[in-house]
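Just work-v2.pdb here, PDB, C-alpha atoms, pLDDT in the B column:
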ATOM      1  CA  MET A   1      36.015  47.193 100.309  1.00 25.00           C
ATOM      2  CA  LEU A   2      33.693  48.347 103.099  1.00 27.00           C
ATOM      3  CA  ILE A   3      34.976  45.895 105.715  1.00 30.00           C
ATOM      4  CA  LEU A   4      38.602  46.706 104.915  1.00 30.00           C
ATOM      5  CA  GLN A   5      37.978  50.429 105.328  1.00 32.00           C
ATOM      6  CA  ASN A   6      36.117  49.847 108.601  1.00 33.00           C
ATOM      7  CA  CYS A   7      38.894  47.569 109.813  1.00 34.00           C
ATOM      8  CA  TRP A   8      41.583  50.149 109.132  1.00 32.00           C
ATOM      9  CA  LEU A   9      39.568  52.953 110.689  1.00 28.00           C
ATOM     10  CA  ALA A  10      38.637  50.942 113.772  1.00 32.00           C
ATOM     11  CA  THR A  11      42.093  49.540 114.456  1.00 31.00           C
ATOM     12  CA  ARG A  12      44.867  52.062 114.655  1.00 29.00           C
ATOM     13  CA  THR A  13      48.526  51.079 114.941  1.00 32.00           C
ATOM     14  CA  THR A  14      49.509  50.218 118.504  1.00 34.00           C
ATOM     15  CA  SER A  15      52.752  49.237 120.148  1.00 34.00           C
ATOM     16  CA  CYS A  16      53.742  45.598 120.089  1.00 32.00           C
ATOM     17  CA  PRO A  17      55.742  44.112 122.996  1.00 35.00           C
ATOM     18  CA  SER A  18      58.249  41.819 121.310  1.00 32.00           C
ATOM     19  CA  PHE A  19      61.971  41.293 121.042  1.00 34.00           C
ATOM     20  CA  MET A  20      64.301  39.758 118.491  1.00 35.00           C
ATOM     21  CA  HIS A  21      66.544  36.789 119.147  1.00 36.00           C
ATOM     22  CA  SER A  22      69.173  35.883 116.565  1.00 36.00           C
ATOM     23  CA  VAL A  23      70.287  32.339 115.780  1.00 37.00           C
ATOM     24  CA  PRO A  24      72.866  31.649 113.049  1.00 46.00           C
ATOM     25  CA  ASN A  25      71.135  32.106 109.643  1.00 50.00           C
ATOM     26  CA  THR A  26      67.751  32.590 111.348  1.00 46.00           C
ATOM     27  CA  THR A  27      65.815  35.383 113.001  1.00 47.00           C
ATOM     28  CA  ILE A  28      62.972  34.411 115.322  1.00 45.00           C
ATOM     29  CA  GLU A  29      60.533  36.811 116.956  1.00 49.00           C
ATOM     30  CA  VAL A  30      59.304  35.826 120.384  1.00 51.00           C
ATOM     31  CA  GLN A  31      56.284  37.333 122.089  1.00 51.00           C
ATOM     32  CA  SER A  32      56.425  37.215 125.876  1.00 58.00           C
ATOM     33  CA  GLU A  33      52.649  36.756 126.141  1.00 81.00           C
ATOM     34  CA  ASP A  34      49.560  36.420 123.986  1.00 86.00           C
ATOM     35  CA  THR A  35      48.951  39.530 121.893  1.00 90.00           C
ATOM     36  CA  GLU A  36      45.633  40.466 120.340  1.00 91.00           C
ATOM     37  CA  VAL A  37      45.520  40.714 116.525  1.00 92.00           C
ATOM     38  CA  VAL A  38      42.968  41.686 113.876  1.00 93.00           C
ATOM     39  CA  ILE A  39      43.187  40.108 110.426  1.00 91.00           C
ATOM     40  CA  ALA A  40      40.930  41.066 107.513  1.00 90.00           C
ATOM     41  CA  GLN A  41      39.916  38.338 105.067  1.00 89.00           C
ATOM     42  CA  HIS A  42      38.942  38.850 101.437  1.00 83.00           C
ATOM     43  CA  GLU A  43      38.159  35.655  99.608  1.00 80.00           C
ATOM     44  CA  ASP A  44      36.333  34.410  96.569  1.00 76.00           C
ATOM     45  CA  ARG A  45      34.179  31.702  98.211  1.00 79.00           C
ATOM     46  CA  ILE A  46      32.902  30.589 101.597  1.00 81.00           C
ATOM     47  CA  SER A  47      34.896  27.352 101.725  1.00 81.00           C
ATOM     48  CA  ASN A  48      38.118  29.387 101.760  1.00 84.00           C
ATOM     49  CA  PHE A  49      37.058  31.112 104.994  1.00 85.00           C
ATOM     50  CA  ASN A  50      36.859  27.803 106.844  1.00 87.00           C
ATOM     51  CA  LYS A  51      40.225  26.669 105.452  1.00 90.00           C
ATOM     52  CA  THR A  52      41.793  29.982 106.446  1.00 91.00           C
ATOM     53  CA  LEU A  53      40.447  29.754 110.004  1.00 91.00           C
ATOM     54  CA  ARG A  54      41.851  26.220 110.362  1.00 93.00           C
ATOM     55  CA  SER A  55      45.224  27.299 108.958  1.00 95.00           C
ATOM     56  CA  LEU A  56      45.415  30.284 111.321  1.00 95.00           C
ATOM     57  CA  LYS A  57      44.664  28.028 114.308  1.00 94.00           C
ATOM     58  CA  GLU A  58      47.288  25.475 113.195  1.00 95.00           C
ATOM     59  CA  SER A  59      49.813  28.328 112.804  1.00 95.00           C
ATOM     60  CA  GLY A  60      49.424  29.704 116.324  1.00 94.00           C
ATOM     61  CA  VAL A  61      46.554  32.206 116.052  1.00 95.00           C
ATOM     62  CA  ASP A  62      43.653  31.440 118.404  1.00 94.00           C
ATOM     63  CA  ILE A  63      40.535  33.050 116.893  1.00 94.00           C
ATOM     64  CA  THR A  64      38.392  34.701 119.581  1.00 93.00           C
ATOM     65  CA  ARG A  65      35.836  36.530 117.396  1.00 93.00           C
ATOM     66  CA  HIS A  66      34.752  36.425 113.773  1.00 89.00           C
ATOM     67  CA  GLY A  67      32.962  39.254 112.011  1.00 90.00           C
ATOM     68  CA  CYS A  68      29.980  38.902 109.696  1.00 90.00           C
ATOM     69  CA  LEU A  69      30.573  38.074 106.039  1.00 88.00           C
ATOM     70  CA  TYR A  70      29.978  40.861 103.542  1.00 89.00           C
ATOM     71  CA  GLU A  71      29.810  40.497  99.797  1.00 90.00           C
ATOM     72  CA  THR A  72      31.205  43.498  97.952  1.00 88.00           C
ATOM     73  CA  GLU A  73      31.720  44.496  94.372  1.00 89.00           C
ATOM     74  CA  PRO A  74      35.329  44.695  93.228  1.00 85.00           C
ATOM     75  CA  ALA A  75      36.914  48.131  93.116  1.00 85.00           C
ATOM     76  CA  TYR A  76      39.165  49.486  90.361  1.00 90.00           C
ATOM     77  CA  VAL A  77      39.282  46.248  88.321  1.00 88.00           C
ATOM     78  CA  THR A  78      35.555  45.622  88.053  1.00 88.00           C
ATOM     79  CA  ASP A  79      35.510  42.765  85.538  1.00 89.00           C
ATOM     80  CA  GLN A  80      35.762  40.034  88.202  1.00 87.00           C
ATOM     81  CA  PRO A  81      33.486  38.236  90.675  1.00 85.00           C
ATOM     82  CA  HIS A  82      32.359  39.848  93.922  1.00 87.00           C
ATOM     83  CA  PHE A  83      34.445  39.303  97.063  1.00 86.00           C
ATOM     84  CA  LEU A  84      33.480  37.906 100.440  1.00 89.00           C
ATOM     85  CA  ASN A  85      34.949  40.019 103.239  1.00 91.00           C
ATOM     86  CA  SER A  86      35.246  39.641 106.977  1.00 92.00           C
ATOM     87  CA  ALA A  87      37.678  40.148 109.832  1.00 93.00           C
ATOM     88  CA  VAL A  88      38.796  37.981 112.707  1.00 93.00           C
ATOM     89  CA  ARG A  89      40.122  38.901 116.126  1.00 94.00           C
ATOM     90  CA  GLY A  90      42.472  36.525 117.869  1.00 94.00           C
ATOM     91  CA  VAL A  91      45.472  36.124 120.130  1.00 95.00           C
ATOM     92  CA  THR A  92      48.926  34.837 119.286  1.00 95.00           C
ATOM     93  CA  LYS A  93      52.426  34.520 120.652  1.00 93.00           C
ATOM     94  CA  LEU A  94      53.800  35.224 117.153  1.00 93.00           C
ATOM     95  CA  GLY A  95      55.639  38.484 116.603  1.00 91.00           C
ATOM     96  CA  PRO A  96      54.496  40.876 113.869  1.00 92.00           C
ATOM     97  CA  HIS A  97      57.016  39.763 111.236  1.00 92.00           C
ATOM     98  CA  GLU A  98      56.373  36.075 111.911  1.00 93.00           C
ATOM     99  CA  LEU A  99      52.608  36.638 111.715  1.00 94.00           C
ATOM    100  CA  LEU A 100      53.018  38.367 108.364  1.00 94.00           C
ATOM    101  CA  ARG A 101      55.083  35.400 107.105  1.00 95.00           C
ATOM    102  CA  VAL A 102      52.338  33.034 108.316  1.00 95.00           C
ATOM    103  CA  LEU A 103      49.654  35.018 106.464  1.00 94.00           C
ATOM    104  CA  LYS A 104      51.698  35.032 103.240  1.00 94.00           C
ATOM    105  CA  ARG A 105      52.335  31.273 103.588  1.00 95.00           C
ATOM    106  CA  ILE A 106      48.601  30.578 104.060  1.00 94.00           C
ATOM    107  CA  GLU A 107      47.781  32.677 100.975  1.00 92.00           C
ATOM    108  CA  LYS A 108      50.339  30.742  98.925  1.00 93.00           C
ATOM    109  CA  GLU A 109      49.173  27.329 100.211  1.00 93.00           C
ATOM    110  CA  MET A 110      45.589  28.213  99.284  1.00 90.00           C
ATOM    111  CA  GLY A 111      46.617  29.034  95.726  1.00 88.00           C
ATOM    112  CA  ARG A 112      47.228  32.762  95.636  1.00 87.00           C
ATOM    113  CA  THR A 113      49.575  33.724  92.827  1.00 85.00           C
ATOM    114  CA  GLY A 114      50.858  37.015  91.518  1.00 81.00           C
ATOM    115  CA  GLY A 115      48.549  39.018  89.353  1.00 81.00           C
ATOM    116  CA  ILE A 116      47.426  42.516  88.586  1.00 82.00           C
ATOM    117  CA  ARG A 117      46.867  44.900  91.475  1.00 83.00           C
ATOM    118  CA  TYR A 118      43.211  44.869  92.587  1.00 80.00           C
ATOM    119  CA  GLY A 119      42.637  41.947  90.232  1.00 80.00           C
ATOM    120  CA  PRO A 120      40.997  38.583  90.909  1.00 79.00           C
ATOM    121  CA  ARG A 121      42.477  36.493  93.728  1.00 81.00           C
ATOM    122  CA  LEU A 122      41.442  33.459  95.728  1.00 83.00           C
ATOM    123  CA  ILE A 123      42.449  34.942  99.062  1.00 87.00           C
ATOM    124  CA  ASP A 124      43.786  38.148 100.570  1.00 89.00           C
ATOM    125  CA  LEU A 125      44.756  38.219 104.263  1.00 92.00           C
ATOM    126  CA  ILE A 126      45.498  41.653 105.685  1.00 90.00           C
ATOM    127  CA  PHE A 127      47.275  42.149 109.000  1.00 88.00           C
ATOM    128  CA  CYS A 128      45.303  45.116 110.379  1.00 91.00           C
ATOM    129  CA  SER A 129      46.350  45.502 113.985  1.00 89.00           C
ATOM    130  CA  MET A 130      48.459  44.022 116.767  1.00 90.00           C
ATOM    131  CA  GLY A 131      48.446  44.913 120.448  1.00 86.00           C
ATOM    132  CA  SER A 132      45.692  46.071 122.738  1.00 72.00           C
ATOM    133  CA  ILE A 133      42.529  46.809 120.787  1.00 62.00           C
ATOM    134  CA  PRO A 134      39.843  49.072 122.299  1.00 60.00           C
TER     135      PRO A 134
END
Would you put the structure from the file into structure tokens?
Amino acid sequence: MLILQNCWLATRTTSCPSFMHSVPNTTIEVQSEDTEVVIAQHEDRISNFNKTLRSLKESGVDITRHGCLYETEPAYVTDQPHFLNSAVRGVTKLGPHELLRVLKRIEKEMGRTGGIRYGPRLIDLIFCSMGSIP
């Protein structure tokens, strides 16, 4: 929980230069240039971090920095294993909605399923910030 709180406090919402282009039955967001992003990671084991980093790279997010790993106790639903937490900074040409779809797809591919709120999960990717980051 600590890294998530720090991530949200350190990265406030900024403007995102993008535009929408419609194609029949499809909406595609196009970024005119690379945009900096911050993504928080909450996972149940170290091997998932490496898989997530590879999946982000393959999906168009170039990781430029990776934060330290922190192990934290679960909050609210405490009868579950501890979480590993971190955050990555990167650049992408993906628009905000497309990036969110990519994160949800990675979670699903890695085995995340529905469950109780704050309950056990293999992976949780959180889109913290997009745009210029101080």
* **Output check: residues returned by the PyMOL selection byres ((chain A and resi 127) around 9), as a PyMOL selection string** => chain A and resi 37-40+96+99-100+103+125-126+128-130
Applied to this file, what does the PyMOL selection byres ((chain A and resi 43-54) around 6) return in terms of residues, put as a short mmCIF file (atom, residue, chain, number, x, y, z; two decimals) with C-alpha atoms, keeping the file's coordinate frame?
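Output (expr10.cif):
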data_model
loop_
_atom_site.label_atom_id
_atom_site.label_comp_id
_atom_site.auth_asym_id
_atom_site.auth_seq_id
_atom_site.Cartn_x
_atom_site.Cartn_y
_atom_site.Cartn_z
CA HIS A 42 38.94 38.85 101.44
CA SER A 55 45.22 27.30 108.96
CA LEU A 56 45.42 30.28 111.32
CA LYS A 57 44.66 28.03 114.31
CA PHE A 83 34.44 39.30 97.06
CA LEU A 84 33.48 37.91 100.44
CA LEU A 122 41.44 33.46 95.73
CA ILE A 123 42.45 34.94 99.06
#
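Minimum atom-to-atom distance to A:Met110, evaluated using only C-alpha atoms, belongs to A:Asp124 out of A:Glu71, A:Val88, A:Glu98, A:Asp124.
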* Structure fact -> The distance between atom CA of A:Ile63 and atom CA of A:Arg89 is 5.9 Å
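Take atom CA of A:Lys108 and atom CA of A:Val91: the distance between them is 22.4 Å.
You will find atom CA of A:Lys104 at 23.2 Å from atom CA of A:Ser132.
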* **Non-local contacts of A:Ser86 (6 Å; all atoms listed in the file; under 2 positions in same chain excluded) as a ChimeraX atom specification** => /A:40-41,67-69
* Could you write out as a PyMOL selection string the residues that the PyMOL selection byres ((chain A and resi 92) around 9) matches in the shown file? -> chain A and resi 31+33-37+60-63+90-91+93-95+99
Dump as a PDB file, keeping the file's coordinate frame, selection limited to C-alpha atoms:
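This is the output file result.pdb:
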ATOM      1  CA  GLN A  31      56.284  37.333 122.089  1.00 51.00           C
ATOM      2  CA  GLU A  33      52.649  36.756 126.141  1.00 81.00           C
ATOM      3  CA  ASP A  34      49.560  36.420 123.986  1.00 86.00           C
ATOM      4  CA  THR A  35      48.951  39.530 121.893  1.00 90.00           C
ATOM      5  CA  GLU A  36      45.633  40.466 120.340  1.00 91.00           C
ATOM      6  CA  VAL A  37      45.520  40.714 116.525  1.00 92.00           C
ATOM      7  CA  GLY A  60      49.424  29.704 116.324  1.00 94.00           C
ATOM      8  CA  VAL A  61      46.554  32.206 116.052  1.00 95.00           C
ATOM      9  CA  ASP A  62      43.653  31.440 118.404  1.00 94.00           C
ATOM     10  CA  ILE A  63      40.535  33.050 116.893  1.00 94.00           C
ATOM     11  CA  GLY A  90      42.472  36.525 117.869  1.00 94.00           C
ATOM     12  CA  VAL A  91      45.472  36.124 120.130  1.00 95.00           C
ATOM     13  CA  LYS A  93      52.426  34.520 120.652  1.00 93.00           C
ATOM     14  CA  LEU A  94      53.800  35.224 117.153  1.00 93.00           C
ATOM     15  CA  GLY A  95      55.639  38.484 116.603  1.00 91.00           C
ATOM     16  CA  LEU A  99      52.608  36.638 111.715  1.00 94.00           C
TER      17      LEU A  99
END
Go ahead and fit an axis-aligned box to every listed atom of stretch 52-61 of chain A plus 3 Å each side, and pass me the centre and edge lengths in Å, one decimal, as lines of an AutoDock Vina configuration file.
center_x = 45.1
center_y = 28.8
center_z = 111.4
size_x = 15.4
size_y = 12.7
size_z = 15.9
